[in-house]
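Dropping structure-v5.txt in here (compact mmCIF, N, CA and C atoms):
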# COMPACT_ATOMS: atom_id res chain seq x y z
N MET A 71 -53.64 5.08 15.08
CA MET A 71 -54.65 5.62 15.94
C MET A 71 -55.74 4.57 16.12
N PRO A 72 -56.47 4.63 17.22
CA PRO A 72 -57.54 3.65 17.45
C PRO A 72 -58.60 3.61 16.34
N ASN A 73 -58.80 4.74 15.65
CA ASN A 73 -59.82 4.79 14.60
C ASN A 73 -59.28 4.35 13.24
N GLY A 74 -58.00 3.94 13.18
CA GLY A 74 -57.41 3.48 11.93
C GLY A 74 -56.73 4.55 11.13
N LEU A 75 -56.91 5.81 11.51
CA LEU A 75 -56.23 6.90 10.81
C LEU A 75 -54.80 7.00 11.31
N HIS A 76 -53.99 7.76 10.61
CA HIS A 76 -52.59 7.92 11.00
C HIS A 76 -52.37 9.28 11.65
N ALA A 77 -51.32 9.37 12.42
CA ALA A 77 -50.88 10.62 13.01
C ALA A 77 -49.36 10.64 12.89
N TYR A 78 -48.81 11.81 12.60
CA TYR A 78 -47.36 11.93 12.44
C TYR A 78 -46.85 13.07 13.29
N TYR A 79 -45.59 12.97 13.69
CA TYR A 79 -45.01 13.94 14.60
C TYR A 79 -43.51 14.02 14.32
N LEU A 80 -43.00 15.21 14.21
CA LEU A 80 -41.55 15.40 14.04
C LEU A 80 -40.95 15.79 15.38
N SER A 81 -39.84 15.18 15.70
CA SER A 81 -39.15 15.56 16.92
C SER A 81 -37.65 15.64 16.63
N GLY A 82 -36.98 16.35 17.49
CA GLY A 82 -35.53 16.50 17.36
C GLY A 82 -34.85 15.90 18.57
N PHE A 83 -33.62 16.26 18.75
CA PHE A 83 -32.81 15.76 19.85
C PHE A 83 -33.51 16.03 21.18
N GLY A 84 -33.52 15.05 22.06
CA GLY A 84 -34.10 15.23 23.38
C GLY A 84 -35.60 15.42 23.35
N ALA A 85 -36.29 14.79 22.39
CA ALA A 85 -37.74 14.87 22.25
C ALA A 85 -38.22 16.30 21.98
N GLN A 86 -37.36 17.09 21.37
CA GLN A 86 -37.72 18.46 21.00
C GLN A 86 -38.79 18.43 19.91
N HIS A 87 -39.91 19.14 20.11
CA HIS A 87 -40.95 19.23 19.08
C HIS A 87 -40.44 20.13 17.95
N ARG A 88 -40.62 19.67 16.73
CA ARG A 88 -40.15 20.44 15.58
C ARG A 88 -41.31 20.67 14.62
N PHE A 89 -41.31 21.85 13.98
CA PHE A 89 -42.29 22.15 12.95
C PHE A 89 -41.80 21.72 11.58
N ASP A 90 -40.50 21.52 11.46
CA ASP A 90 -39.93 21.12 10.18
C ASP A 90 -38.74 20.21 10.42
N ALA A 91 -38.31 19.53 9.34
CA ALA A 91 -37.14 18.65 9.43
C ALA A 91 -36.00 19.29 8.65
N GLN A 92 -34.80 19.08 9.11
CA GLN A 92 -33.64 19.62 8.40
C GLN A 92 -33.54 18.98 7.02
N LEU A 93 -33.15 19.77 6.04
CA LEU A 93 -33.07 19.28 4.67
C LEU A 93 -32.07 18.13 4.53
N SER A 94 -31.11 18.05 5.41
CA SER A 94 -30.15 16.95 5.35
C SER A 94 -30.78 15.62 5.78
N VAL A 95 -31.93 15.68 6.45
CA VAL A 95 -32.62 14.49 6.93
C VAL A 95 -33.71 14.06 5.95
N ALA A 96 -34.51 15.01 5.49
CA ALA A 96 -35.62 14.71 4.59
C ALA A 96 -36.00 15.96 3.83
N ASN A 97 -36.72 15.79 2.72
CA ASN A 97 -37.22 16.95 1.98
C ASN A 97 -38.56 16.63 1.36
N ASP A 98 -39.32 17.68 1.09
CA ASP A 98 -40.65 17.56 0.50
C ASP A 98 -40.58 18.17 -0.89
N PRO A 99 -40.53 17.35 -1.94
CA PRO A 99 -40.41 17.86 -3.30
C PRO A 99 -41.61 18.69 -3.75
N ALA A 100 -42.73 18.62 -3.04
CA ALA A 100 -43.91 19.39 -3.42
C ALA A 100 -43.83 20.85 -2.95
N ARG A 101 -42.90 21.15 -2.07
CA ARG A 101 -42.74 22.52 -1.57
C ARG A 101 -41.58 23.20 -2.26
N ALA A 102 -41.72 24.46 -2.55
CA ALA A 102 -40.66 25.22 -3.21
C ALA A 102 -39.39 25.26 -2.36
N ASP A 103 -39.54 25.38 -1.03
CA ASP A 103 -38.38 25.44 -0.15
C ASP A 103 -37.87 24.06 0.25
N LYS A 104 -38.58 23.00 -0.15
CA LYS A 104 -38.24 21.59 0.10
C LYS A 104 -38.32 21.17 1.57
N LEU A 105 -38.74 22.07 2.46
CA LEU A 105 -38.83 21.72 3.88
C LEU A 105 -39.92 20.70 4.13
N VAL A 106 -39.64 19.77 5.03
CA VAL A 106 -40.64 18.83 5.51
C VAL A 106 -41.33 19.51 6.68
N ILE A 107 -42.61 19.82 6.49
CA ILE A 107 -43.38 20.53 7.50
C ILE A 107 -44.25 19.52 8.25
N ASN A 108 -44.18 19.58 9.58
CA ASN A 108 -44.91 18.64 10.43
C ASN A 108 -46.38 18.58 10.03
N GLY A 109 -46.85 17.38 9.80
CA GLY A 109 -48.24 17.18 9.41
C GLY A 109 -48.44 17.33 7.91
N GLU A 110 -48.20 18.50 7.41
CA GLU A 110 -48.41 18.79 5.98
C GLU A 110 -47.62 17.83 5.09
N SER A 111 -46.34 17.80 5.23
CA SER A 111 -45.50 16.95 4.38
C SER A 111 -45.69 15.47 4.72
N CYS A 112 -45.92 15.20 5.99
CA CYS A 112 -46.08 13.81 6.42
C CYS A 112 -47.25 13.15 5.69
N PHE A 113 -48.40 13.81 5.70
CA PHE A 113 -49.58 13.23 5.06
C PHE A 113 -49.45 13.21 3.55
N ARG A 114 -48.75 14.17 3.00
CA ARG A 114 -48.54 14.17 1.55
C ARG A 114 -47.71 12.94 1.15
N CYS A 115 -46.65 12.67 1.89
CA CYS A 115 -45.77 11.54 1.58
C CYS A 115 -46.45 10.19 1.88
N HIS A 116 -47.31 10.19 2.89
CA HIS A 116 -47.96 8.95 3.32
C HIS A 116 -49.43 8.91 2.90
N ALA A 117 -49.74 9.48 1.75
CA ALA A 117 -51.12 9.56 1.27
C ALA A 117 -51.78 8.18 1.19
N GLY A 118 -51.01 7.17 0.82
CA GLY A 118 -51.54 5.82 0.73
C GLY A 118 -51.37 5.02 1.99
N GLY A 119 -50.86 5.64 3.02
CA GLY A 119 -50.60 4.95 4.28
C GLY A 119 -49.10 4.87 4.53
N LEU A 120 -48.69 3.80 5.16
CA LEU A 120 -47.27 3.61 5.46
C LEU A 120 -46.51 3.31 4.17
N ASN A 121 -45.33 3.86 4.05
CA ASN A 121 -44.48 3.55 2.90
C ASN A 121 -43.77 2.24 3.18
N ILE A 122 -44.02 1.27 2.33
CA ILE A 122 -43.49 -0.08 2.54
C ILE A 122 -41.99 -0.09 2.31
N ARG A 123 -41.28 -0.59 3.27
CA ARG A 123 -39.82 -0.65 3.22
C ARG A 123 -39.34 -2.05 3.59
N VAL A 124 -38.12 -2.35 3.20
CA VAL A 124 -37.47 -3.59 3.59
C VAL A 124 -36.66 -3.29 4.85
N ASP A 125 -36.70 -4.17 5.82
CA ASP A 125 -35.96 -4.01 7.06
C ASP A 125 -34.48 -4.26 6.79
N GLU A 126 -33.71 -3.20 6.61
CA GLU A 126 -32.29 -3.34 6.32
C GLU A 126 -31.46 -3.73 7.54
N VAL A 127 -31.90 -3.33 8.70
CA VAL A 127 -31.15 -3.65 9.93
C VAL A 127 -31.26 -5.13 10.24
N GLY A 128 -32.48 -5.65 10.30
CA GLY A 128 -32.69 -7.05 10.64
C GLY A 128 -31.98 -8.00 9.69
N LEU A 129 -31.93 -7.61 8.41
CA LEU A 129 -31.28 -8.48 7.42
C LEU A 129 -29.77 -8.57 7.61
N GLN A 130 -29.19 -7.61 8.32
CA GLN A 130 -27.75 -7.61 8.55
C GLN A 130 -27.34 -8.45 9.75
N LEU A 131 -28.31 -8.82 10.57
CA LEU A 131 -28.00 -9.57 11.79
C LEU A 131 -27.91 -11.07 11.50
N ALA A 132 -27.05 -11.71 12.21
CA ALA A 132 -26.86 -13.15 12.01
C ALA A 132 -28.11 -13.91 12.44
N PRO A 133 -28.54 -14.88 11.63
CA PRO A 133 -29.69 -15.71 12.03
C PRO A 133 -29.40 -16.36 13.39
N GLY A 134 -30.40 -16.37 14.25
CA GLY A 134 -30.25 -16.98 15.56
C GLY A 134 -29.64 -16.06 16.61
N SER A 135 -29.16 -14.87 16.22
CA SER A 135 -28.58 -13.96 17.22
C SER A 135 -29.70 -13.41 18.10
N ALA A 136 -29.34 -13.02 19.31
CA ALA A 136 -30.34 -12.52 20.27
C ALA A 136 -31.04 -11.28 19.71
N ALA A 137 -30.32 -10.39 19.07
CA ALA A 137 -30.92 -9.17 18.54
C ALA A 137 -31.87 -9.47 17.38
N ARG A 138 -31.59 -10.53 16.64
CA ARG A 138 -32.41 -10.88 15.47
C ARG A 138 -33.85 -11.20 15.87
N ALA A 139 -34.04 -11.63 17.09
CA ALA A 139 -35.38 -11.98 17.57
C ALA A 139 -36.31 -10.77 17.59
N TYR A 140 -35.75 -9.55 17.62
CA TYR A 140 -36.56 -8.34 17.65
C TYR A 140 -37.01 -7.88 16.27
N TYR A 141 -36.54 -8.52 15.22
CA TYR A 141 -36.85 -8.13 13.86
C TYR A 141 -37.66 -9.22 13.17
N PRO A 142 -38.86 -8.88 12.68
CA PRO A 142 -39.68 -9.91 12.03
C PRO A 142 -39.09 -10.34 10.69
N GLU A 143 -39.49 -11.51 10.26
CA GLU A 143 -39.08 -11.98 8.94
C GLU A 143 -39.67 -11.02 7.90
N PRO A 144 -38.97 -10.82 6.77
CA PRO A 144 -39.44 -9.88 5.75
C PRO A 144 -40.89 -10.11 5.31
N SER A 145 -41.30 -11.36 5.16
CA SER A 145 -42.68 -11.63 4.72
C SER A 145 -43.70 -11.19 5.78
N LYS A 146 -43.36 -11.36 7.05
CA LYS A 146 -44.26 -10.94 8.12
C LYS A 146 -44.36 -9.42 8.19
N LEU A 147 -43.22 -8.75 7.99
CA LEU A 147 -43.21 -7.30 8.00
C LEU A 147 -44.03 -6.75 6.83
N ALA A 148 -43.86 -7.32 5.65
CA ALA A 148 -44.61 -6.89 4.47
C ALA A 148 -46.11 -7.08 4.69
N ALA A 149 -46.48 -8.19 5.29
CA ALA A 149 -47.90 -8.46 5.56
C ALA A 149 -48.46 -7.45 6.56
N GLN A 150 -47.65 -7.07 7.54
CA GLN A 150 -48.10 -6.08 8.52
C GLN A 150 -48.30 -4.72 7.86
N PHE A 151 -47.39 -4.32 6.97
CA PHE A 151 -47.55 -3.07 6.22
C PHE A 151 -48.87 -3.10 5.44
N GLN A 152 -49.13 -4.21 4.74
CA GLN A 152 -50.35 -4.34 3.95
C GLN A 152 -51.59 -4.24 4.84
N GLN A 153 -51.56 -4.91 5.98
CA GLN A 153 -52.70 -4.88 6.90
C GLN A 153 -52.93 -3.47 7.44
N ASP A 154 -51.87 -2.79 7.85
CA ASP A 154 -51.99 -1.43 8.37
C ASP A 154 -52.54 -0.48 7.31
N ASN A 155 -52.06 -0.61 6.08
CA ASN A 155 -52.53 0.26 5.02
C ASN A 155 -53.98 -0.01 4.65
N ALA A 156 -54.40 -1.26 4.70
CA ALA A 156 -55.80 -1.59 4.43
C ALA A 156 -56.69 -0.98 5.51
N GLN A 157 -56.23 -1.02 6.77
CA GLN A 157 -56.98 -0.42 7.87
C GLN A 157 -57.09 1.09 7.67
N TYR A 158 -56.01 1.73 7.24
CA TYR A 158 -56.00 3.17 6.99
C TYR A 158 -56.99 3.53 5.87
N ARG A 159 -56.93 2.81 4.76
CA ARG A 159 -57.84 3.08 3.66
C ARG A 159 -59.29 2.86 4.08
N GLY A 160 -59.53 1.85 4.91
CA GLY A 160 -60.87 1.61 5.42
C GLY A 160 -61.36 2.75 6.31
N ALA A 161 -60.47 3.28 7.14
CA ALA A 161 -60.84 4.40 8.01
C ALA A 161 -61.17 5.64 7.19
N LEU A 162 -60.39 5.89 6.14
CA LEU A 162 -60.68 7.03 5.26
C LEU A 162 -62.03 6.84 4.57
N LYS A 163 -62.29 5.64 4.14
CA LYS A 163 -63.56 5.35 3.46
C LYS A 163 -64.75 5.60 4.39
N LYS A 164 -64.61 5.24 5.68
CA LYS A 164 -65.68 5.48 6.66
C LYS A 164 -65.97 6.97 6.80
N LEU A 165 -64.95 7.80 6.55
CA LEU A 165 -65.13 9.26 6.62
C LEU A 165 -65.70 9.84 5.33
N GLY A 166 -65.87 8.98 4.33
CA GLY A 166 -66.43 9.45 3.07
C GLY A 166 -65.40 9.73 1.99
N TYR A 167 -64.14 9.40 2.25
CA TYR A 167 -63.09 9.62 1.26
C TYR A 167 -62.85 8.35 0.47
N ASP A 168 -62.64 8.53 -0.80
CA ASP A 168 -62.32 7.44 -1.70
C ASP A 168 -60.90 7.67 -2.19
N GLU A 169 -60.16 6.61 -2.43
CA GLU A 169 -58.78 6.74 -2.90
C GLU A 169 -58.67 7.59 -4.16
N ALA A 170 -59.68 7.53 -5.02
CA ALA A 170 -59.67 8.30 -6.27
C ALA A 170 -59.70 9.80 -6.01
N MET A 171 -60.13 10.21 -4.80
CA MET A 171 -60.22 11.63 -4.47
C MET A 171 -58.85 12.23 -4.14
N GLY A 172 -57.86 11.40 -3.93
CA GLY A 172 -56.55 11.90 -3.54
C GLY A 172 -56.45 11.98 -2.03
N GLU A 173 -55.33 12.43 -1.55
CA GLU A 173 -55.07 12.50 -0.12
C GLU A 173 -55.85 13.67 0.48
N PRO A 174 -56.70 13.45 1.48
CA PRO A 174 -57.58 14.50 1.99
C PRO A 174 -56.89 15.59 2.80
N ILE A 175 -55.88 15.27 3.56
CA ILE A 175 -55.24 16.25 4.43
C ILE A 175 -54.58 17.35 3.61
N ASP A 176 -53.91 16.99 2.54
CA ASP A 176 -53.23 17.98 1.70
C ASP A 176 -54.23 18.98 1.12
N ARG A 177 -55.40 18.49 0.74
CA ARG A 177 -56.43 19.39 0.20
C ARG A 177 -56.88 20.38 1.26
N VAL A 178 -57.04 19.92 2.50
CA VAL A 178 -57.46 20.80 3.58
C VAL A 178 -56.37 21.85 3.85
N ILE A 179 -55.12 21.44 3.83
CA ILE A 179 -54.01 22.37 4.07
C ILE A 179 -53.98 23.45 2.99
N ARG A 180 -54.13 23.05 1.73
CA ARG A 180 -54.13 24.03 0.64
C ARG A 180 -55.28 25.03 0.80
N THR A 181 -56.45 24.53 1.19
CA THR A 181 -57.61 25.41 1.40
C THR A 181 -57.33 26.37 2.55
N PHE A 182 -56.77 25.86 3.64
CA PHE A 182 -56.42 26.70 4.80
C PHE A 182 -55.47 27.81 4.38
N LYS A 183 -54.42 27.46 3.67
CA LYS A 183 -53.44 28.46 3.27
C LYS A 183 -54.05 29.50 2.34
N GLN A 184 -54.90 29.04 1.43
CA GLN A 184 -55.54 29.95 0.50
C GLN A 184 -56.48 30.90 1.25
N ASP A 185 -57.28 30.38 2.16
CA ASP A 185 -58.21 31.20 2.93
C ASP A 185 -57.49 32.19 3.84
N ARG A 186 -56.42 31.74 4.46
CA ARG A 186 -55.69 32.56 5.44
C ARG A 186 -54.58 33.37 4.80
N GLY A 187 -54.12 32.97 3.63
CA GLY A 187 -53.00 33.65 3.00
C GLY A 187 -51.70 33.40 3.75
N VAL A 188 -51.61 32.26 4.43
CA VAL A 188 -50.44 31.95 5.26
C VAL A 188 -49.60 30.87 4.59
N GLU A 189 -48.34 31.14 4.36
CA GLU A 189 -47.42 30.15 3.81
C GLU A 189 -46.39 29.69 4.83
N ASP A 190 -45.96 30.60 5.69
CA ASP A 190 -44.88 30.31 6.63
C ASP A 190 -45.42 29.51 7.80
N ILE A 191 -44.83 28.35 8.05
CA ILE A 191 -45.29 27.48 9.13
C ILE A 191 -45.20 28.16 10.49
N ARG A 192 -44.26 29.09 10.66
CA ARG A 192 -44.15 29.80 11.93
C ARG A 192 -45.37 30.69 12.15
N GLU A 193 -45.86 31.30 11.08
CA GLU A 193 -47.07 32.12 11.20
C GLU A 193 -48.27 31.27 11.51
N GLN A 194 -48.36 30.09 10.90
CA GLN A 194 -49.49 29.19 11.17
C GLN A 194 -49.55 28.83 12.64
N ALA A 195 -48.39 28.66 13.25
CA ALA A 195 -48.33 28.26 14.66
C ALA A 195 -48.34 29.44 15.61
N GLY A 196 -48.39 30.66 15.07
CA GLY A 196 -48.39 31.85 15.91
C GLY A 196 -47.01 32.22 16.42
N GLU A 197 -45.96 31.66 15.82
CA GLU A 197 -44.59 31.96 16.25
C GLU A 197 -44.01 33.06 15.35
N THR A 198 -44.51 34.25 15.50
CA THR A 198 -44.02 35.37 14.69
C THR A 198 -43.08 36.22 15.52
N ASP A 199 -42.37 37.12 14.84
CA ASP A 199 -41.45 38.01 15.54
C ASP A 199 -42.18 38.85 16.58
N ALA A 200 -43.44 39.22 16.30
CA ALA A 200 -44.21 40.00 17.26
C ALA A 200 -44.42 39.23 18.55
N VAL A 201 -44.62 37.92 18.44
CA VAL A 201 -44.84 37.10 19.62
C VAL A 201 -43.56 36.99 20.44
N PHE A 202 -42.43 36.81 19.75
CA PHE A 202 -41.15 36.59 20.44
C PHE A 202 -40.33 37.86 20.61
N GLY A 203 -40.85 39.01 20.16
CA GLY A 203 -40.18 40.27 20.36
C GLY A 203 -38.90 40.42 19.55
N GLY A 204 -38.80 39.70 18.43
CA GLY A 204 -37.58 39.75 17.61
C GLY A 204 -37.70 40.48 16.34
Conversion result in structure tokens:
Amino acid sequence: MPNGLHAYYLSGFGAQHRFDAQLSVANDPARADKLVINGESCFRCHAGGLNIRVDEVGLQLAPGSAARAYYPEPSKLAAQFQQDNAQYRGALKKLGYDEAMGEPIDRVIRTFKQDRGVEDIREQAGETDAVFGG
């Protein structure tokens, strides 16, 4: 985001907006049902920013191949992850959050659920049987 904070979005086939991810794709160990819930699970998993990974695809391509040009060298990719995460931590600090406080979004979600008594993501979004007549 322009302000240095992160935003996450789950989508399915054909750019379908999803509130959760299939368990065969990902899971959230912090939830009893293990579902990855859009926003909630994303920020929990990415509390420190982007999860640093090694580019497995680029490493499989032959050096000098045309496709290889689209994949940065591992050291450049690692440096970009570090830079992005530093920017994220800086943006959180500007909002008054310190890393020692933990991930702020998860705390807000827990407070929301406690205040509202809402656990089901469909209820949070207003997608109840009453709305859909089911």
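Backbone DSSP over chain A yields strand (DSSP E) at Ser81, Gly82, Gln86, His87, Asp90, Ala91, Val106 and Ile107 of chain A.
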With N, CA and C atoms retained, export the selected residues as a JSON list (two decimals), in the frame of the given file.
[["chain", "number", "residue", "atom", "x", "y", "z"],
["A", 81, "SER", "N", -39.84, 15.18, 15.70],
["A", 81, "SER", "CA", -39.15, 15.56, 16.92],
["A", 81, "SER", "C", -37.65, 15.64, 16.63],
["A", 82, "GLY", "N", -36.98, 16.35, 17.49],
["A", 82, "GLY", "CA", -35.53, 16.50, 17.36],
["A", 82, "GLY", "C", -34.85, 15.90, 18.57],
["A", 86, "GLN", "N", -37.36, 17.09, 21.37],
["A", 86, "GLN", "CA", -37.72, 18.46, 21.00],
["A", 86, "GLN", "C", -38.79, 18.43, 19.91],
["A", 87, "HIS", "N", -39.91, 19.14, 20.11],
["A", 87, "HIS", "CA", -40.95, 19.23, 19.08],
["A", 87, "HIS", "C", -40.44, 20.13, 17.95],
["A", 90, "ASP", "N", -40.50, 21.52, 11.46],
["A", 90, "ASP", "CA", -39.93, 21.12, 10.18],
["A", 90, "ASP", "C", -38.74, 20.21, 10.42],
["A", 91, "ALA", "N", -38.31, 19.53, 9.34],
["A", 91, "ALA", "CA", -37.14, 18.65, 9.43],
["A", 91, "ALA", "C", -36.00, 19.29, 8.65],
["A", 106, "VAL", "N", -39.64, 19.77, 5.03],
["A", 106, "VAL", "CA", -40.64, 18.83, 5.51],
["A", 106, "VAL", "C", -41.33, 19.51, 6.68],
["A", 107, "ILE", "N", -42.61, 19.82, 6.49],
["A", 107, "ILE", "CA", -43.38, 20.53, 7.50],
["A", 107, "ILE", "C", -44.25, 19.52, 8.25]]
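Using only C-alpha atoms, the smallest distance between any of A:His116, A:Tyr141, A:Leu105, A:Gly74 and Gly128 of chain A comes from A:Tyr141.
Distance check against Val178 of chain A using only C-alpha atoms: of A:His76, A:Lys104, A:Arg88, A:Arg114, the minimum falls on A:Arg114.
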Using DSSP secondary structure from the backbone, list all alpha helix (DSSP H) positions within chain A, as a PyMOL selection string. chain A and resi 110-115+126-130+144-164+174-186+191-194+199-202
Same residues, N, CA and C atoms, output as a compact mmCIF listing (two decimals), in the frame of the given file:
# COMPACT_ATOMS: atom_id res chain seq x y z
N GLU A 110 -48.20 18.50 7.41
CA GLU A 110 -48.41 18.79 5.98
C GLU A 110 -47.62 17.83 5.09
N SER A 111 -46.34 17.80 5.23
CA SER A 111 -45.50 16.95 4.38
C SER A 111 -45.69 15.47 4.72
N CYS A 112 -45.92 15.20 5.99
CA CYS A 112 -46.08 13.81 6.42
C CYS A 112 -47.25 13.15 5.69
N PHE A 113 -48.40 13.81 5.70
CA PHE A 113 -49.58 13.23 5.06
C PHE A 113 -49.45 13.21 3.55
N ARG A 114 -48.75 14.17 3.00
CA ARG A 114 -48.54 14.17 1.55
C ARG A 114 -47.71 12.94 1.15
N CYS A 115 -46.65 12.67 1.89
CA CYS A 115 -45.77 11.54 1.58
C CYS A 115 -46.45 10.19 1.88
N GLU A 126 -33.71 -3.20 6.61
CA GLU A 126 -32.29 -3.34 6.32
C GLU A 126 -31.46 -3.73 7.54
N VAL A 127 -31.90 -3.33 8.70
CA VAL A 127 -31.15 -3.65 9.93
C VAL A 127 -31.26 -5.13 10.24
N GLY A 128 -32.48 -5.65 10.30
CA GLY A 128 -32.69 -7.05 10.64
C GLY A 128 -31.98 -8.00 9.69
N LEU A 129 -31.93 -7.61 8.41
CA LEU A 129 -31.28 -8.48 7.42
C LEU A 129 -29.77 -8.57 7.61
N GLN A 130 -29.19 -7.61 8.32
CA GLN A 130 -27.75 -7.61 8.55
C GLN A 130 -27.34 -8.45 9.75
N PRO A 144 -38.97 -10.82 6.77
CA PRO A 144 -39.44 -9.88 5.75
C PRO A 144 -40.89 -10.11 5.31
N SER A 145 -41.30 -11.36 5.16
CA SER A 145 -42.68 -11.63 4.72
C SER A 145 -43.70 -11.19 5.78
N LYS A 146 -43.36 -11.36 7.05
CA LYS A 146 -44.26 -10.94 8.12
C LYS A 146 -44.36 -9.42 8.19
N LEU A 147 -43.22 -8.75 7.99
CA LEU A 147 -43.21 -7.30 8.00
C LEU A 147 -44.03 -6.75 6.83
N ALA A 148 -43.86 -7.32 5.65
CA ALA A 148 -44.61 -6.89 4.47
C ALA A 148 -46.11 -7.08 4.69
N ALA A 149 -46.48 -8.19 5.29
CA ALA A 149 -47.90 -8.46 5.56
C ALA A 149 -48.46 -7.45 6.56
N GLN A 150 -47.65 -7.07 7.54
CA GLN A 150 -48.10 -6.08 8.52
C GLN A 150 -48.30 -4.72 7.86
N PHE A 151 -47.39 -4.32 6.97
CA PHE A 151 -47.55 -3.07 6.22
C PHE A 151 -48.87 -3.10 5.44
N GLN A 152 -49.13 -4.21 4.74
CA GLN A 152 -50.35 -4.34 3.95
C GLN A 152 -51.59 -4.24 4.84
N GLN A 153 -51.56 -4.91 5.98
CA GLN A 153 -52.70 -4.88 6.90
C GLN A 153 -52.93 -3.47 7.44
N ASP A 154 -51.87 -2.79 7.85
CA ASP A 154 -51.99 -1.43 8.37
C ASP A 154 -52.54 -0.48 7.31
N ASN A 155 -52.06 -0.61 6.08
CA ASN A 155 -52.53 0.26 5.02
C ASN A 155 -53.98 -0.01 4.65
N ALA A 156 -54.40 -1.26 4.70
CA ALA A 156 -55.80 -1.59 4.43
C ALA A 156 -56.69 -0.98 5.51
N GLN A 157 -56.23 -1.02 6.77
CA GLN A 157 -56.98 -0.42 7.87
C GLN A 157 -57.09 1.09 7.67
N TYR A 158 -56.01 1.73 7.24
CA TYR A 158 -56.00 3.17 6.99
C TYR A 158 -56.99 3.53 5.87
N ARG A 159 -56.93 2.81 4.76
CA ARG A 159 -57.84 3.08 3.66
C ARG A 159 -59.29 2.86 4.08
N GLY A 160 -59.53 1.85 4.91
CA GLY A 160 -60.87 1.61 5.42
C GLY A 160 -61.36 2.75 6.31
N ALA A 161 -60.47 3.28 7.14
CA ALA A 161 -60.84 4.40 8.01
C ALA A 161 -61.17 5.64 7.19
N LEU A 162 -60.39 5.89 6.14
CA LEU A 162 -60.68 7.03 5.26
C LEU A 162 -62.03 6.84 4.57
N LYS A 163 -62.29 5.64 4.14
CA LYS A 163 -63.56 5.35 3.46
C LYS A 163 -64.75 5.60 4.39
N LYS A 164 -64.61 5.24 5.68
CA LYS A 164 -65.68 5.48 6.66
C LYS A 164 -65.97 6.97 6.80
N PRO A 174 -56.70 13.45 1.48
CA PRO A 174 -57.58 14.50 1.99
C PRO A 174 -56.89 15.59 2.80
N ILE A 175 -55.88 15.27 3.56
CA ILE A 175 -55.24 16.25 4.43
C ILE A 175 -54.58 17.35 3.61
N ASP A 176 -53.91 16.99 2.54
CA ASP A 176 -53.23 17.98 1.70
C ASP A 176 -54.23 18.98 1.12
N ARG A 177 -55.40 18.49 0.74
CA ARG A 177 -56.43 19.39 0.20
C ARG A 177 -56.88 20.38 1.26
N VAL A 178 -57.04 19.92 2.50
CA VAL A 178 -57.46 20.80 3.58
C VAL A 178 -56.37 21.85 3.85
N ILE A 179 -55.12 21.44 3.83
CA ILE A 179 -54.01 22.37 4.07
C ILE A 179 -53.98 23.45 2.99
N ARG A 180 -54.13 23.05 1.73
CA ARG A 180 -54.13 24.03 0.64
C ARG A 180 -55.28 25.03 0.80
N THR A 181 -56.45 24.53 1.19
CA THR A 181 -57.61 25.41 1.40
C THR A 181 -57.33 26.37 2.55
N PHE A 182 -56.77 25.86 3.64
CA PHE A 182 -56.42 26.70 4.80
C PHE A 182 -55.47 27.81 4.38
N LYS A 183 -54.42 27.46 3.67
CA LYS A 183 -53.44 28.46 3.27
C LYS A 183 -54.05 29.50 2.34
N GLN A 184 -54.90 29.04 1.43
CA GLN A 184 -55.54 29.95 0.50
C GLN A 184 -56.48 30.90 1.25
N ASP A 185 -57.28 30.38 2.16
CA ASP A 185 -58.21 31.20 2.93
C ASP A 185 -57.49 32.19 3.84
N ARG A 186 -56.42 31.74 4.46
CA ARG A 186 -55.69 32.56 5.44
C ARG A 186 -54.58 33.37 4.80
N ILE A 191 -44.83 28.35 8.05
CA ILE A 191 -45.29 27.48 9.13
C ILE A 191 -45.20 28.16 10.49
N ARG A 192 -44.26 29.09 10.66
CA ARG A 192 -44.15 29.80 11.93
C ARG A 192 -45.37 30.69 12.15
N GLU A 193 -45.86 31.30 11.08
CA GLU A 193 -47.07 32.12 11.20
C GLU A 193 -48.27 31.27 11.51
N GLN A 194 -48.36 30.09 10.90
CA GLN A 194 -49.49 29.19 11.17
C GLN A 194 -49.55 28.83 12.64
N ASP A 199 -42.37 37.12 14.84
CA ASP A 199 -41.45 38.01 15.54
C ASP A 199 -42.18 38.85 16.58
N ALA A 200 -43.44 39.22 16.30
CA ALA A 200 -44.21 40.00 17.26
C ALA A 200 -44.42 39.23 18.55
N VAL A 201 -44.62 37.92 18.44
CA VAL A 201 -44.84 37.10 19.62
C VAL A 201 -43.56 36.99 20.44
N PHE A 202 -42.43 36.81 19.75
CA PHE A 202 -41.15 36.59 20.44
C PHE A 202 -40.33 37.86 20.61
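For Pro174 of chain A, the non-local neighbours within 8 Å, defined as residues at least 6 positions apart in the same chain or in other chains and counting only N, CA and C atoms, are Phe113, Ala117 and Tyr167 of chain A.
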Counting only C-alpha atoms, which residue out of A:Leu147, A:Leu165, A:Met71, A:Leu80 sits closest to Cys112 of chain A? A:Leu80
For atom CA of Tyr158 of chain A and atom CA of Ile122 of chain A, the interatomic separation in Å (one decimal):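 Result for atom CA of Tyr158 of chain A versus atom CA of Ile122 of chain A: 13.7 Å, one decimal.
For the pair atom N of Ala100 of chain A and atom N of Lys183 of chain A, the interatomic distance is 16.1 Å.
Rounded to one decimal, atom C of Thr181 of chain A and atom C of Gly118 of chain A lie 22.2 Å from each other.
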Choose the residue, out of A:Tyr140, A:Phe151, A:Phe89, A:Phe182, that has the smallest atom-to-atom separation from Arg123 of chain A; count only C-alpha atoms. A:Phe151
Residue contacts of Ile107 of chain A (7 Å, only C-alpha atoms) excluding same-chain residues fewer than 2 positions away, as a VMD selection string: chain A and resid 89 to 91 105 109 to 111
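All residues of protein, DNA or RNA that reach within 7 Å of Gln157 of chain A, judged by all atoms listed in the file and not counting those fewer than 3 positions away in the chain, are A:Asn73, A:Gly74, A:Leu75, A:Gln152, A:Gln153, A:Asp154, A:Gly160, A:Ala161, A:Leu162.
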